[in-house]
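Below is one structure, written out as structure tokens; comments come after it.
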Number of protein chains: 4
Amino acid sequence: MKKLQIDCELDYVAEEDADYVFNIQVAQHPWQRLIAEQLDITPKVQLAYGHHPSGLNRLAKTHAPKGELKVRYSATVAVDYPAPTGDEKEMTIEELPVEAIPFIWSSRYCESDSVLQVAGRTFGELPKGYQRVEAICQWIRDNIVYQIGTSGPTTTARDVLVNRAGVCRDFAHLGITFCRALNIPARFVTGYTWYAEPPPDFHAVFEAYLGGRWILFDATQLCPLTDFVRIATGRDAAETAFATIFGRVQMPRMSPDVKVLEEPTEAHVERV
Amino acid sequence: MKKLQIDCELDYVAEEDADYVFNIQVAQHPWQRLIAEQLDITPKVQLAYGHHPSGLNRLAKTHAPKGELKVRYSATVAVDYPAPTGDEKEMTIEELPVEAIPFIWSSRYCESDSVLQVAGRTFGELPKGYQRVEAICQWIRDNIVYQIGTSGPTTTARDVLVNRAGVCRDFAHLGITFCRALNIPARFVTGYTWYAEPPPDFHAVFEAYLGGRWILFDATQLCPLTDFVRIATGRDAAETAFATIFGRVQMPRMSPDVKVLEEPTEAHVERV
Amino acid sequence: MKKLQIDCELDYVAEEDADYVFNIQVAQHPWQRLIAEQLDITPKVQLAYGHHPSGLNRLAKTHAPKGELKVRYSATVAVDYPAPTGDEKEMTIEELPVEAIPFIWSSRYCESDSVLQVAGRTFGELPKGYQRVEAICQWIRDNIVYQIGTSGPTTTARDVLVNRAGVCRDFAHLGITFCRALNIPARFVTGYTWYAEPPPDFHAVFEAYLGGRWILFDATQLCPLTDFVRIATGRDAAETAFATIFGRVQMPRMSPDVKVLEEPTEAHVERV
Amino acid sequence: MKKLQIDCELDYVAEEDADYVFNIQVAQHPWQRLIAEQLDITPKVQLAYGHHPSGLNRLAKTHAPKGELKVRYSATVAVDYPAPTGDEKEMTIEELPVEAIPFIWSSRYCESDSVLQVAGRTFGELPKGYQRVEAICQWIRDNIVYQIGTSGPTTTARDVLVNRAGVCRDFAHLGITFCRALNIPARFVTGYTWYAEPPPDFHAVFEAYLGGRWILFDATQLCPLTDFVRIATGRDAAETAFATIFGRVQMPRMSPDVKVLEEPTEAHVERV
């Protein structure tokens, strides 16, 4: 068990009264225990809390007046990511739980139905299981340039496959898309992590369903998954935006910072 | 309360062993009471039941051998659609429950972010509320040709807006898209209904969130909503396919038939 | 006959040796007589001149070293735009010259085949001829917002129709697309003109083939067509870029300026 | 010099009076000499002849009454394709003639600007020249499945790159797109050829500008280029359709047949 400290600062300047829906609170998830959490907004506003219909993501909604809005979210989280063994098997459709099936379906940014040929040719002959999803991540690292500014909010996995450039969100979308094209359920996960170099930003990785459970993969390898704190889980980025804003609002600054408070000791490492 | 009898027949011919995920069972929903239900598949196969992650849709999964597969689903359902008064109000983002917000977001087939201008110009000045969503439906009927064969599985609301032709699914997608562009939460609903003329087929309508509840709208007006039995609810057609099939399978015949068994009596009409 | 003075200044800063293909020289066209013309580039470079395969556009190609590149093009042009009478007729396919037919075909930014329905519904019942193309221009002015920054180099007429916003290039593309959908040949024309307000920029309008000749239309109405000097003519913007650059080059400043030197006198107005 | 006999039969059934524009006559081109040619249409109709604005393609236009229309085109052509040496060099932008530059630009079905990364990574390090274009053809053969029905009239090179399937037209589009992304001018060529197996159909190949001349490449390798008779040349398929029809017309049968009449003798092989 590893203890991480999140300090997320979002600064907005609104030209008019506006509504905000945030999805920045860490997820309630078996792999992470929330020790302390605080969400403060200045000026003081009323917050309404709720969940995404999937039940997986926490939403906080507020209406705020024109002017500056400062969002400060801090949380202390004990993370205990169950590292994969590397032997996790792919399951046949017959073996998969019904609930995992919708994560094989094509979604807004992950048009898996249009990459069946290329997925089959590139990964179809590889041994099935954890190693095959690893091979997908490796292919993405080898073939897609990580570069800020090469993609935008409407960029899909198809675009990334053609353009060969993108950021963490695009890497995750392409990984998901290849998995689904091979009938491996896969989904999009956003979270907090630290980066080797600034600027701090939210991170996006993906999960594939192998050996009866969801396993995290980071095609970017920008940071160890042991230091990743989950925020949102969904079919793709369309369900997991960290903020949805109704009104003319600028965001001059964001800083979702993460620090390691405590490394796991031997004792902590043992999971019950 | 109105009693309806559903007899849905789906005939498949599989060139190989294949997996099937059906979403044809009527929804568990406050507006409809399931009196009796039977799902039979010939030859006899094992069925696994589950739900879509949204909790709204019932899925049945099976693995079946090469050859013919006959799916027979019959259900008796008492439907009690609470007719709208026509006075239902639009709610501000501030008033909306958090859970309704994701149904304002753009989704795969409903790219509401790209029709803000046209929605604003066409419907922006109209009085808000039920009548405005009715005006959207009327506009769709006036401007979109209902014609089988003019759209396909990848057709989006954007395409429909340009091509000006489609089927029930496309009419619903466009209605949803305009609503969302006006900040009215809206979602996609599939169901059983009877049609004035053959062939029988599944139907698609949409729901807008007005006056604190979801209200059904059918831009096609092909059949009264009092005779509509809900199957699936989702952000758009990407989450509500009646069948997902893994394998080379043909469907030579489908017949999702609906009959009215019993009209509501005075007594039934009173809702508690 | 009206005399206009063009002074076009393009300033580049190249991070490396680069190649430039300019299409900024005024067209050789019956409606305009080139009185004087000068193209200077600093530092001194070799220029190769040629034409687009269509024969309609003049291209100048150069290779220039790293650093600043200043392009100065000035021209004095006598323009004599034969104002339409307003009675020009549409021609049937049978009546049209073969050479005009390719301008009915769908092209990169003008996907006329996908707007047949909307074109037919909106303009199909109007009296044919000049007035119908005028009605198209009026519809565009009424329904599309002219706003810099709402479109980009890959925006097509379809996008403009959905987004309802764009600049002169987009207005022209949409006008062309509607015309072609109605079997009226139409093409894209770039040129110099003065604007009521800065910044100076190249302009784009379109031409429809009516009554046996090409007639200019400006859906933006930003400036009188009598003060428009033609540069390039093509199926759409894909064939008429004012500059194509091979290499990492910035353009900190552009100023395609136009001044009226001399208004037409009575005598000049008579055309032989 | 090789003598080929073309017998092209197109049978139409028109539900109404309709207009037809054909681009089926062999091109006037230095590599082929037209010995005899006849275009007959039954019932007898008036034909108007002309050229595409590029001057490269011959168009024949007619108006015909409702009912059957039989188009019979036969031609005897002496073809003398100057086989490439394999040593043809790529030219720099500086060296290229101005007229070749527009064939580097992105076009409707060949969006070269969106495959720069993948073209650079796959072919960027290869030795420049004829061998590099050959490598592009080989890559296409290795990675794209040739299969009728996998693409349609709106399929672009981008789609082919993602879907990894297509027909001759798509193979040519992708070849062109990769060439342009590497700054090699490339264009689309349609023609007559014989196929090893039925059904007979028009063929599409592409041309790359190397060593100061256009050189043919057939990424499908379905037939030797020595037996290819050119019809149309353009930026892509948008400019070279063999027939454009205005009206409700079916084409129950087409048969563009080619036979070798005479193999080149030693004497003929010598070109002056």
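Order determines the names: the first chain of the structure tokens is A, the second B, and so forth; residues in each chain are numbered 1 upward, and ligands are numbered 1 upward as they are shown.
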Quiz item: If we count only C-alpha atoms, what is near Ser106 in chain D at a cut-off of 8 Å, once residues fewer than 6 positions away on the same chain are taken out, given as a ChimeraX atom specification?
Solution: /C:238 /D:112-113,177,180
Only C-alpha atoms, please: the residues just picked out, written as a compact mmCIF listing (two decimals), in the first residue's frame.
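Below is the file result.txt, written as the result:
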```
# COMPACT_ATOMS: atom_id res chain seq x y z
CA ALA C 238 -8.01 22.57 -52.90
CA SER D 112 -1.90 13.10 -48.22
CA ASP D 113 -1.69 15.77 -45.52
CA THR D 177 -1.42 9.44 -51.15
CA ARG D 180 2.38 12.89 -52.27
```
Self-check item: strand (DSSP E) per DSSP on the backbone: members of range 151-246 of chain C, as a PyMOL selection string
Solution: chain C and resi 165-166+186-192+203-210+213-217+229-234+243-246
Quiz item: Do you have the CA of Arg108 in chain C-CA of Tyr20 in chain D distance handy?
Solution: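 Computed distance, CA of Arg108 in chain C to CA of Tyr20 in chain D, equals 22.6 Å.
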Quiz prompt | Residues of chain B within 8 Å of chain A, only C-alpha atoms counted, as a PyMOL selection string | solution = chain B and resi 19+48-55+59-63+93-94+97-99+102+105-109+238-239
Include C-alpha atoms and write out the residues we just selected as a PDB file, in the first residue's frame.
```
ATOM      1  CA  ASP B  19     -21.857 -15.972 -29.723  1.00  0.00           C
ATOM      2  CA  ALA B  48     -26.271 -16.036 -19.264  1.00  0.00           C
ATOM      3  CA  TYR B  49     -28.205 -13.015 -18.085  1.00  0.00           C
ATOM      4  CA  GLY B  50     -26.872  -9.635 -17.004  1.00  0.00           C
ATOM      5  CA  HIS B  51     -27.209  -5.894 -17.299  1.00  0.00           C
ATOM      6  CA  HIS B  52     -25.559  -3.130 -19.228  1.00  0.00           C
ATOM      7  CA  PRO B  53     -23.275  -1.134 -16.888  1.00  0.00           C
ATOM      8  CA  SER B  54     -25.903   1.632 -16.867  1.00  0.00           C
ATOM      9  CA  GLY B  55     -28.259  -0.799 -15.159  1.00  0.00           C
ATOM     10  CA  LEU B  59     -28.677  -8.587 -21.747  1.00  0.00           C
ATOM     11  CA  ALA B  60     -28.837 -12.302 -22.515  1.00  0.00           C
ATOM     12  CA  LYS B  61     -25.741 -14.007 -23.862  1.00  0.00           C
ATOM     13  CA  THR B  62     -25.389 -17.409 -25.456  1.00  0.00           C
ATOM     14  CA  HIS B  63     -22.998 -19.543 -27.438  1.00  0.00           C
ATOM     15  CA  ILE B  93     -28.385  23.256 -15.409  1.00  0.00           C
ATOM     16  CA  GLU B  94     -28.551  24.431 -11.813  1.00  0.00           C
ATOM     17  CA  PRO B  97     -30.128  16.484 -11.028  1.00  0.00           C
ATOM     18  CA  VAL B  98     -26.478  15.571 -11.483  1.00  0.00           C
ATOM     19  CA  GLU B  99     -27.468  12.196 -12.948  1.00  0.00           C
ATOM     20  CA  PRO B 102     -24.341  13.074 -18.892  1.00  0.00           C
ATOM     21  CA  TRP B 105     -23.045  15.429 -23.405  1.00  0.00           C
ATOM     22  CA  SER B 106     -22.353  14.672 -27.024  1.00  0.00           C
ATOM     23  CA  SER B 107     -22.293  10.956 -27.847  1.00  0.00           C
ATOM     24  CA  ARG B 108     -21.340   8.704 -30.720  1.00  0.00           C
ATOM     25  CA  TYR B 109     -24.361   9.218 -32.951  1.00  0.00           C
ATOM     26  CA  ALA B 238     -24.448   2.491 -29.679  1.00  0.00           C
ATOM     27  CA  GLU B 239     -25.673   1.170 -26.323  1.00  0.00           C
TER      28      GLU B 239
END
```
Exercise. Record the distance separating CA of Val145 in chain B and CA of Ala165 in chain B, expressed in Å with one decimal.
Key: 4.5 Å
Exercise. Would you work out the distance separating CA of Gln25 in chain C from CA of Glu37 in chain C, expressed in Å to one decimal?
Key: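 Computing the Euclidean distance for CA of Gln25 in chain C and CA of Glu37 in chain C yields 8.4 Å.
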List the spatial neighbours of Thr76 in chain A as a PDB file with C-alpha atoms, in the first residue's frame - criterion: any atom at most 7 Å away, only C-alpha atoms, same-chain residues fewer than 3 positions off excluded.
```
ATOM      1  CA  LEU A   4      -0.299   9.518  -2.287  1.00  0.00           C
ATOM      2  CA  GLN A   5      -1.247  13.138  -1.802  1.00  0.00           C
ATOM      3  CA  ILE A   6      -3.284  14.900  -4.470  1.00  0.00           C
ATOM      4  CA  LEU A  34      -9.692   7.366   0.457  1.00  0.00           C
ATOM      5  CA  ILE A  35      -8.121   8.545   3.706  1.00  0.00           C
ATOM      6  CA  ALA A  36      -9.078  12.201   3.511  1.00  0.00           C
ATOM      7  CA  GLU A  37     -10.616  14.442   0.903  1.00  0.00           C
TER       8      GLU A  37
END
```
Self-check item: Close residues, Gln250 in chain B itself excluded, 7 Å, only C-alpha atoms, min 3 positions apart in chain, as number ranges by chain
Solution: B: 12-14
Using the selection just defined, write its residues with C-alpha atoms as a tab-separated table (two decimals), in the first residue's frame.
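Here's the written file selection_3.tsv:
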```tsv
chain	number	residue	atom	x	y	z
B	12	TYR	CA	-30.56	-16.91	-37.65
B	13	VAL	CA	-28.41	-19.17	-39.79
B	14	ALA	CA	-24.84	-19.48	-38.56
```
Exercise. Pick out each residue of range 50-220 of chain D that DSSP on the backbone tags as helix (DSSP H, G or I); I need them as JSON, numbers by chain.
Key: {"D": [98, 99, 100, 101, 102, 103, 112, 113, 114, 116, 117, 118, 119, 120, 121, 122, 123, 130, 131, 132, 133, 134, 135, 136, 137, 138, 139, 140, 141, 142, 143, 157, 158, 159, 160, 161, 162, 163, 168, 169, 170, 171, 172, 173, 174, 175, 176, 177, 178, 179, 180, 181]}
Could those residues be written to a file, using C-alpha atoms, as a CSV table (one decimal), in the first residue's frame?
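New file selection-v7.csv:
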```csv
chain,number,residue,atom,x,y,z
D,98,VAL,CA,5.7,23.9,-61.8
D,99,GLU,CA,3.0,21.9,-63.6
D,100,ALA,CA,3.7,18.8,-61.5
D,101,ILE,CA,3.3,20.6,-58.2
D,102,PRO,CA,-0.5,20.4,-58.0
D,103,PHE,CA,-0.2,16.6,-58.1
D,112,SER,CA,-1.9,13.1,-48.2
D,113,ASP,CA,-1.7,15.8,-45.5
D,114,SER,CA,-3.0,13.4,-42.9
D,116,LEU,CA,2.7,12.4,-43.3
D,117,GLN,CA,3.8,10.6,-40.1
D,118,VAL,CA,3.0,7.1,-41.3
D,119,ALA,CA,4.5,7.7,-44.8
D,120,GLY,CA,7.6,9.1,-43.2
D,121,ARG,CA,8.0,6.3,-40.8
D,122,THR,CA,7.3,3.5,-43.3
D,123,PHE,CA,9.1,4.9,-46.4
D,130,TYR,CA,11.8,4.4,-58.5
D,131,GLN,CA,12.6,1.8,-55.8
D,132,ARG,CA,10.8,3.8,-53.1
D,133,VAL,CA,7.6,3.9,-55.1
D,134,GLU,CA,7.9,0.2,-55.8
D,135,ALA,CA,8.3,-0.3,-52.0
D,136,ILE,CA,5.0,1.6,-51.6
D,137,CYS,CA,3.3,-0.7,-54.0
D,138,GLN,CA,4.7,-3.7,-52.3
D,139,TRP,CA,3.6,-2.4,-48.9
D,140,ILE,CA,0.1,-2.0,-50.2
D,141,ARG,CA,0.0,-5.5,-51.6
D,142,ASP,CA,1.3,-6.9,-48.3
D,143,ASN,CA,-1.1,-4.9,-46.1
D,157,ALA,CA,-7.2,6.6,-49.0
D,158,ARG,CA,-7.5,7.3,-45.2
D,159,ASP,CA,-10.3,4.8,-45.0
D,160,VAL,CA,-8.3,2.2,-46.9
D,161,LEU,CA,-5.4,2.7,-44.6
D,162,VAL,CA,-7.6,2.0,-41.6
D,163,ASN,CA,-9.8,-0.7,-43.1
D,168,CYS,CA,-7.9,-1.3,-57.7
D,169,ARG,CA,-9.2,2.3,-57.3
D,170,ASP,CA,-8.4,2.2,-53.5
D,171,PHE,CA,-5.0,0.7,-54.1
D,172,ALA,CA,-4.2,3.5,-56.6
D,173,HIS,CA,-5.5,6.1,-54.1
D,174,LEU,CA,-3.4,4.9,-51.3
D,175,GLY,CA,-0.3,4.7,-53.6
D,176,ILE,CA,-0.9,8.3,-54.7
D,177,THR,CA,-1.4,9.4,-51.1
D,178,PHE,CA,1.8,8.0,-49.9
D,179,CYS,CA,3.8,9.4,-52.8
D,180,ARG,CA,2.4,12.9,-52.3
D,181,ALA,CA,3.1,12.7,-48.5
```
Quiz item: Do you know which residues are at most 10 Å from Pro84 in chain B counting only C-alpha atoms, after dropping those on the same chain fewer than 6 positions away, and could you put them as a VMD selection string?
Solution: chain B and resid 130 210 to 211 213 to 216
Emit the selected residues as an mmCIF file, in the first residue's frame, including N, CA and C atoms.
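Wrote it out as part15.cif, contents follow:
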```cif
data_model
loop_
_atom_site.group_PDB
_atom_site.id
_atom_site.type_symbol
_atom_site.label_atom_id
_atom_site.label_comp_id
_atom_site.auth_asym_id
_atom_site.auth_seq_id
_atom_site.Cartn_x
_atom_site.Cartn_y
_atom_site.Cartn_z
ATOM 1 N N TYR B 130 -41.924 21.725 -22.804
ATOM 2 C CA TYR B 130 -42.482 20.631 -23.607
ATOM 3 C C TYR B 130 -42.730 21.064 -25.043
ATOM 4 N N LEU B 210 -37.715 16.777 -18.714
ATOM 5 C CA LEU B 210 -38.499 18.021 -18.578
ATOM 6 C C LEU B 210 -39.310 17.947 -17.293
ATOM 7 N N GLY B 211 -39.385 19.033 -16.586
ATOM 8 C CA GLY B 211 -40.228 19.081 -15.400
ATOM 9 C C GLY B 211 -39.899 18.013 -14.377
ATOM 10 N N ARG B 213 -38.817 14.936 -14.901
ATOM 11 C CA ARG B 213 -38.920 13.522 -15.276
ATOM 12 C C ARG B 213 -38.654 13.339 -16.770
ATOM 13 N N TRP B 214 -38.438 12.076 -17.152
ATOM 14 C CA TRP B 214 -38.192 11.741 -18.546
ATOM 15 C C TRP B 214 -39.516 11.618 -19.276
ATOM 16 N N ILE B 215 -39.608 12.268 -20.430
ATOM 17 C CA ILE B 215 -40.834 12.226 -21.228
ATOM 18 C C ILE B 215 -40.509 11.710 -22.629
ATOM 19 N N LEU B 216 -41.314 10.766 -23.093
ATOM 20 C CA LEU B 216 -41.084 10.153 -24.408
ATOM 21 C C LEU B 216 -41.530 11.067 -25.548
#
```
Quiz prompt | Residues near Ala232 in chain C, cut-off 6 Å, only C-alpha atoms, skip fewer than 2 positions along chain, as number ranges by chain | solution = C: 57, 189-190, 240
Write the residues you've just listed into a file as a compact mmCIF listing (two decimals), in the first residue's frame, and include N, CA and C atoms for each of them.
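Dumped to result.txt:
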```txt
# COMPACT_ATOMS: atom_id res chain seq x y z
N ASN C 57 -4.73 28.94 -63.65
CA ASN C 57 -4.03 29.62 -62.57
C ASN C 57 -2.53 29.70 -62.82
N VAL C 189 -13.51 30.83 -56.92
CA VAL C 189 -12.66 31.89 -57.46
C VAL C 189 -12.03 32.68 -56.31
N THR C 190 -10.71 32.80 -56.34
CA THR C 190 -10.05 33.63 -55.33
C THR C 190 -9.64 34.94 -55.99
N THR C 240 -6.54 26.16 -55.28
CA THR C 240 -6.31 27.59 -55.43
C THR C 240 -5.59 28.25 -54.26
```
